[in-house]
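Below: one structure, written as structure tokens.
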Amino acid sequence: MKRYILGGVALSMAIGLLHADDKKVANDSTGGFKFTDVKNVKTTSVKDQNKTGTCWSFSGISFLEDEILRKTGKEVDLSEMFIVRHCYNDKADKYIRMNGTINFAQGGSTLDVPYVMDNYGLVPEGAYRGLEYGEEKHDHSELEGAFTSFISSINRTKKKSPAWKKAFNGMLDAYLGVLPETFEYDGKTYTPKSFAESLGLKATDYIPVTSFTHHPFYDSFALEVADNWLWAKYHNIPLEEMKAIVDNALDNGYSVAWAADVSEPGFKWIKGYALMPKKKDQKDMSGTELARWVKLSDKERENENNEIKGPREEITVTQELRQQMFDAQETTDDHGMVIVGKAVDQNGNKYYKVKNSWDTNHVYGGFFYVSEPYFLAKTLDIVVNREAIPKDIAKKMKI
């Protein structure tokens, strides 16, 4: 995903576990909304990626933590930076092999997380914090510049020496820390691989899904976004079936990893919601309303169309409109999050409750509400446990 970074002052605020069937009302006096949770799945605490572009790791790790919690009832805090460290190493190798023609950046894909789990294992947060540069919170500003400059310089050399990988590994050690060969957890000694195996997770259980018409439905394809450096393939299905998977997952206690565009004017993180408002059109106006509208400047009309004071009519999202937005790059690969519930506003409009990784100093403590039209229009992809996919859809997907 692209680097959508939100820093801020940390609040030491524990988010309690949400139990399925809890119904909670979230009042937003400034935004004009009153959300009522109608379904919550169990989820672990909100984390803070701070000044990094590693949302993909935070969302993927949060998704795995939810899987452990669902299966065992145990809350485990896994290391996001262990994933980031391994991906930087493998991404650098691929970048050099491809003569610099692929992306080398902080961004990545949710699927990078099960990739690392399968190939290198997992570790708890306490075994690898990834903070070797004198900060208490993640800040990859210097790190990114150093890594990119080094890899770019190696790529420019005609003949690569065998030393560059050792040099890059030394940089990774300096900024993120030396990878642990073994560590203690709950009185036992583990390697990263044995720890991952102890958690009862299998990478093959997690199914990536998308919905676009430039590839056939019920086939798989490598989603064409720059941060899909693994060239991982996604199952392509119709839009209504992708939504049905999310609904079925939540109804049965599974969270859903979600990659989406967050660049729309209706994405109001600070106010705690994301909408796709239907724009005003003068053909639908008459009388004094029309007379006022035609006198407005283009900028004033845009501002009025983007103003949200509470529930309002939203666009109707079709498969065709969704594809047009993707082809025009109005829908881009921005941010990774986790869908953890369902809600309604005071008018009965439906929303998904989403856990973010931008700290808890926020109107809903690190969560926010995404309208169904926003989800339908702006989803890049989801990752879900295969058990959460309705059987009729799974049969068509051949999984």
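All residue names refer to the structure tokens as shown: chains lettered A, B, ... in order, residues numbered from 1 in each chain, ligands numbered from 1 in order.
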Region 322-325 of chain A: which residues within 10 Å, counting only C-alpha atoms, same-chain residues fewer than 4 positions away excluded, as a list in words?
-> Ser211, Phe212, Thr213, His214, Leu239, Val317, Thr318, Gln329, Glu330, Thr331, Thr332, Leu376, Ala377, Lys378 and Thr379 of chain A
All residues 8 Å or closer to region 56-61 of chain A, only C-alpha atoms, same chain fewer than 3 positions away omitted, as a PyMOL selection string = chain A and resi 1+47+49+64-65+78-81+83-84+107-114+257-258+335-338+356-357
Could those selected residues go to a file with N, CA, C and O atoms, as a tab-separated table (two decimals), in the first residue's frame?
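Below is the file selection-v2.tsv, written as the result:
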```tsv
chain	number	residue	atom	x	y	z
A	1	MET	N	0.81	-1.20	0.00
A	1	MET	CA	0.00	0.00	0.00
A	1	MET	C	0.85	1.26	0.00
A	1	MET	O	1.97	1.25	0.45
A	47	LYS	N	-3.04	-0.79	17.65
A	47	LYS	CA	-1.61	-0.46	17.66
A	47	LYS	C	-1.38	0.85	16.92
A	47	LYS	O	-2.29	1.43	16.34
A	49	GLN	N	1.20	2.52	14.06
A	49	GLN	CA	2.32	2.46	13.11
A	49	GLN	C	3.12	3.75	13.11
A	49	GLN	O	4.24	3.79	12.58
A	64	LEU	N	-3.91	-11.76	12.03
A	64	LEU	CA	-3.44	-13.02	12.60
A	64	LEU	C	-3.69	-13.09	14.10
A	64	LEU	O	-4.05	-14.15	14.64
A	65	GLU	N	-3.49	-11.97	14.79
A	65	GLU	CA	-3.78	-11.94	16.23
A	65	GLU	C	-5.25	-12.26	16.49
A	65	GLU	O	-5.58	-12.96	17.45
A	78	LEU	N	1.94	-9.82	18.54
A	78	LEU	CA	2.98	-10.24	17.60
A	78	LEU	C	3.77	-9.04	17.08
A	78	LEU	O	3.26	-7.92	17.03
A	79	SER	N	4.99	-9.29	16.67
A	79	SER	CA	5.87	-8.24	16.18
A	79	SER	C	5.60	-7.90	14.73
A	79	SER	O	5.73	-8.75	13.84
A	80	GLU	N	5.25	-6.64	14.48
A	80	GLU	CA	5.08	-6.16	13.11
A	80	GLU	C	6.43	-5.96	12.43
A	80	GLU	O	6.58	-6.19	11.22
A	81	MET	N	7.42	-5.50	13.19
A	81	MET	CA	8.71	-5.18	12.59
A	81	MET	C	9.52	-6.42	12.18
A	81	MET	O	10.39	-6.35	11.32
A	83	ILE	N	8.16	-8.80	10.56
A	83	ILE	CA	7.66	-8.94	9.20
A	83	ILE	C	8.34	-7.93	8.28
A	83	ILE	O	8.81	-8.27	7.19
A	84	VAL	N	8.38	-6.68	8.72
A	84	VAL	CA	8.96	-5.60	7.92
A	84	VAL	C	10.43	-5.91	7.60
A	84	VAL	O	10.88	-5.73	6.46
A	107	GLY	N	6.02	0.44	1.54
A	107	GLY	CA	4.73	-0.21	1.36
A	107	GLY	C	4.84	-1.69	1.10
A	107	GLY	O	5.90	-2.22	0.75
A	108	GLY	N	3.71	-2.36	1.22
A	108	GLY	CA	3.65	-3.79	0.98
A	108	GLY	C	2.21	-4.24	0.89
A	108	GLY	O	1.30	-3.43	0.74
A	109	SER	N	2.00	-5.52	0.99
A	109	SER	CA	0.68	-6.14	0.89
A	109	SER	C	0.38	-6.93	2.15
A	109	SER	O	1.29	-7.43	2.82
A	110	THR	N	-0.90	-7.06	2.45
A	110	THR	CA	-1.31	-7.91	3.57
A	110	THR	C	-0.73	-9.31	3.42
A	110	THR	O	-0.37	-9.97	4.41
A	111	LEU	N	-0.62	-9.77	2.18
A	111	LEU	CA	-0.13	-11.13	1.93
A	111	LEU	C	1.35	-11.30	2.25
A	111	LEU	O	1.84	-12.42	2.32
A	112	ASP	N	2.05	-10.19	2.45
A	112	ASP	CA	3.45	-10.30	2.90
A	112	ASP	C	3.54	-10.95	4.27
A	112	ASP	O	4.55	-11.58	4.60
A	113	VAL	N	2.49	-10.79	5.07
A	113	VAL	CA	2.53	-11.31	6.45
A	113	VAL	C	2.48	-12.83	6.47
A	113	VAL	O	3.35	-13.47	7.08
A	114	PRO	N	1.48	-13.48	5.83
A	114	PRO	CA	1.55	-14.95	5.80
A	114	PRO	C	2.76	-15.47	5.04
A	114	PRO	O	3.25	-16.57	5.33
A	257	ALA	N	-9.10	-8.82	6.88
A	257	ALA	CA	-8.07	-7.85	6.51
A	257	ALA	C	-8.55	-7.09	5.29
A	257	ALA	O	-9.04	-7.69	4.32
A	258	TRP	N	-8.38	-5.76	5.31
A	258	TRP	CA	-8.99	-4.90	4.28
A	258	TRP	C	-7.96	-3.90	3.76
A	258	TRP	O	-7.39	-3.14	4.54
A	335	HIS	N	-4.03	1.94	1.93
A	335	HIS	CA	-3.94	1.67	3.36
A	335	HIS	C	-4.53	0.31	3.71
A	335	HIS	O	-5.50	-0.13	3.09
A	336	GLY	N	-3.91	-0.35	4.70
A	336	GLY	CA	-4.39	-1.64	5.18
A	336	GLY	C	-4.99	-1.52	6.56
A	336	GLY	O	-4.40	-0.89	7.45
A	337	MET	N	-6.15	-2.13	6.78
A	337	MET	CA	-6.88	-2.08	8.04
A	337	MET	C	-7.54	-3.43	8.29
A	337	MET	O	-7.34	-4.36	7.51
A	338	VAL	N	-8.37	-3.53	9.32
A	338	VAL	CA	-9.06	-4.78	9.62
A	338	VAL	C	-10.52	-4.47	9.92
A	338	VAL	O	-10.82	-3.62	10.76
A	356	ASN	N	-8.10	0.54	12.89
A	356	ASN	CA	-6.98	1.17	12.20
A	356	ASN	C	-5.71	0.97	13.02
A	356	ASN	O	-5.73	0.42	14.11
A	357	SER	N	-4.59	1.47	12.49
A	357	SER	CA	-3.30	1.39	13.21
A	357	SER	C	-2.70	2.78	13.36
A	357	SER	O	-1.50	2.98	13.20
```
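Interatomic distance, CA of Tyr374 (chain A) to CA of Leu275 (chain A): 5.4 Å.
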Write down as a VMD selection string the residues belonging to region 94-276 of chain A that are assigned strand (DSSP E) by DSSP computed on the backbone.
-> chain A and resid 183 to 185 188 to 190 206 to 210 220 to 222 233 to 236 256 to 260 267 to 268 273 to 274
For region 63-160 of chain A versus region 220-229 of chain A, which residues have an atom no more than 12 Å away, and what is each residue's nearest atom pair and distance in Å rounded to one decimal, using only C-alpha atoms, chain-then-number order, as a Markdown table?
```
| residue | atom | partner | partner_atom | distance |
| --- | --- | --- | --- | --- |
| A:Cys87 | CA | A:Trp229 | CA | 9.6 |
| A:Tyr88 | CA | A:Trp229 | CA | 10.8 |
| A:Asp90 | CA | A:Trp229 | CA | 9.6 |
| A:Lys91 | CA | A:Trp229 | CA | 7.1 |
| A:Ala92 | CA | A:Trp229 | CA | 10.2 |
| A:Asp93 | CA | A:Trp229 | CA | 11.1 |
| A:Lys94 | CA | A:Trp229 | CA | 8.3 |
| A:Tyr95 | CA | A:Trp229 | CA | 8.8 |
| A:Met98 | CA | A:Trp229 | CA | 10.9 |
| A:Gly100 | CA | A:Trp229 | CA | 11.8 |
| A:Thr101 | CA | A:Ala226 | CA | 10.5 |
| A:Ile102 | CA | A:Trp229 | CA | 7.1 |
| A:Asn103 | CA | A:Ala226 | CA | 5.9 |
| A:Phe104 | CA | A:Asp227 | CA | 8.1 |
| A:Ala105 | CA | A:Asp227 | CA | 7.9 |
| A:Gln106 | CA | A:Asp227 | CA | 8.7 |
| A:Gly107 | CA | A:Asp227 | CA | 5.7 |
| A:Gly108 | CA | A:Asp227 | CA | 4.7 |
| A:Ser109 | CA | A:Asn228 | CA | 5.8 |
| A:Thr110 | CA | A:Asn228 | CA | 9.2 |
| A:Leu111 | CA | A:Asn228 | CA | 8.6 |
| A:Asp112 | CA | A:Asn228 | CA | 8.7 |
| A:Tyr115 | CA | A:Trp229 | CA | 11.8 |
```
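Between CA of Phe35 (chain A) and CA of Gly365 (chain A) lies a distance of 13.9 Å.
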Quick one: of A:Lys193, A:Lys34, A:Lys396, A:Lys166, who's nearest to Tyr120 (chain A), counting only C-alpha atoms?
-> A:Lys193
Can you tell me, as number ranges by chain, what residues are no more than 10 Å from Val123 (chain A) when counting only C-alpha atoms, ignoring any on the same chain fewer than 6 positions away?
-> A: 77-83, 117, 129, 179-180, 182-183, 185, 190-196
Since we have the selection now, will you write its residues out, keeping C-alpha atoms, as a PDB file, in the first residue's frame?
```pdb
ATOM      1  CA  ASP A  77       0.951  -9.409  20.720  1.00  0.00           C
ATOM      2  CA  LEU A  78       2.978 -10.244  17.603  1.00  0.00           C
ATOM      3  CA  SER A  79       5.873  -8.236  16.185  1.00  0.00           C
ATOM      4  CA  GLU A  80       5.082  -6.159  13.105  1.00  0.00           C
ATOM      5  CA  MET A  81       8.710  -5.176  12.586  1.00  0.00           C
ATOM      6  CA  PHE A  82       9.829  -8.808  12.332  1.00  0.00           C
ATOM      7  CA  ILE A  83       7.661  -8.943   9.198  1.00  0.00           C
ATOM      8  CA  MET A 117       5.084 -16.522   8.614  1.00  0.00           C
ATOM      9  CA  ARG A 129      10.419  -4.375  18.700  1.00  0.00           C
ATOM     10  CA  LEU A 179      16.909 -11.060  14.334  1.00  0.00           C
ATOM     11  CA  PRO A 180      16.540 -13.462  17.276  1.00  0.00           C
ATOM     12  CA  THR A 182      15.772 -18.131  19.867  1.00  0.00           C
ATOM     13  CA  PHE A 183      13.713 -16.385  22.546  1.00  0.00           C
ATOM     14  CA  TYR A 185       7.960 -16.877  25.746  1.00  0.00           C
ATOM     15  CA  TYR A 190      11.279 -20.971  20.717  1.00  0.00           C
ATOM     16  CA  THR A 191      12.759 -20.224  17.341  1.00  0.00           C
ATOM     17  CA  PRO A 192      10.668 -17.967  15.076  1.00  0.00           C
ATOM     18  CA  LYS A 193       9.584 -21.026  13.089  1.00  0.00           C
ATOM     19  CA  SER A 194       8.656 -23.125  16.120  1.00  0.00           C
ATOM     20  CA  PHE A 195       6.767 -20.192  17.653  1.00  0.00           C
ATOM     21  CA  ALA A 196       4.716 -19.743  14.480  1.00  0.00           C
TER      22      ALA A 196
END
```
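Between CA of Tyr369 (chain A) and CA of Trp269 (chain A) the interatomic distance comes to 9.1 Å.
With only C-alpha atoms as the atoms that count, the minimum distance from Lys158 (chain A) to the choices A:Ser141, A:Leu321, A:Asn99, A:Thr72 is reached by A:Asn99.
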Using only C-alpha atoms: which of A:Ile393, A:Cys55, A:Val41, A:Ile399 has the shortest distance to Val340 (chain A) = A:Val41
Got a sec: who's within 7 Å of Phe367 (chain A), counting only C-alpha atoms, leaving out chain neighbours fewer than 3 positions off, as a ChimeraX atom specification?
-> /A:353-356,364
Compile the contact shell of Ile270 (chain A) as number ranges by chain: residues with an atom at most 10 Å away, counting only C-alpha atoms, same-chain residues fewer than 6 positions apart removed.
-> A: 31, 361-364, 366, 368
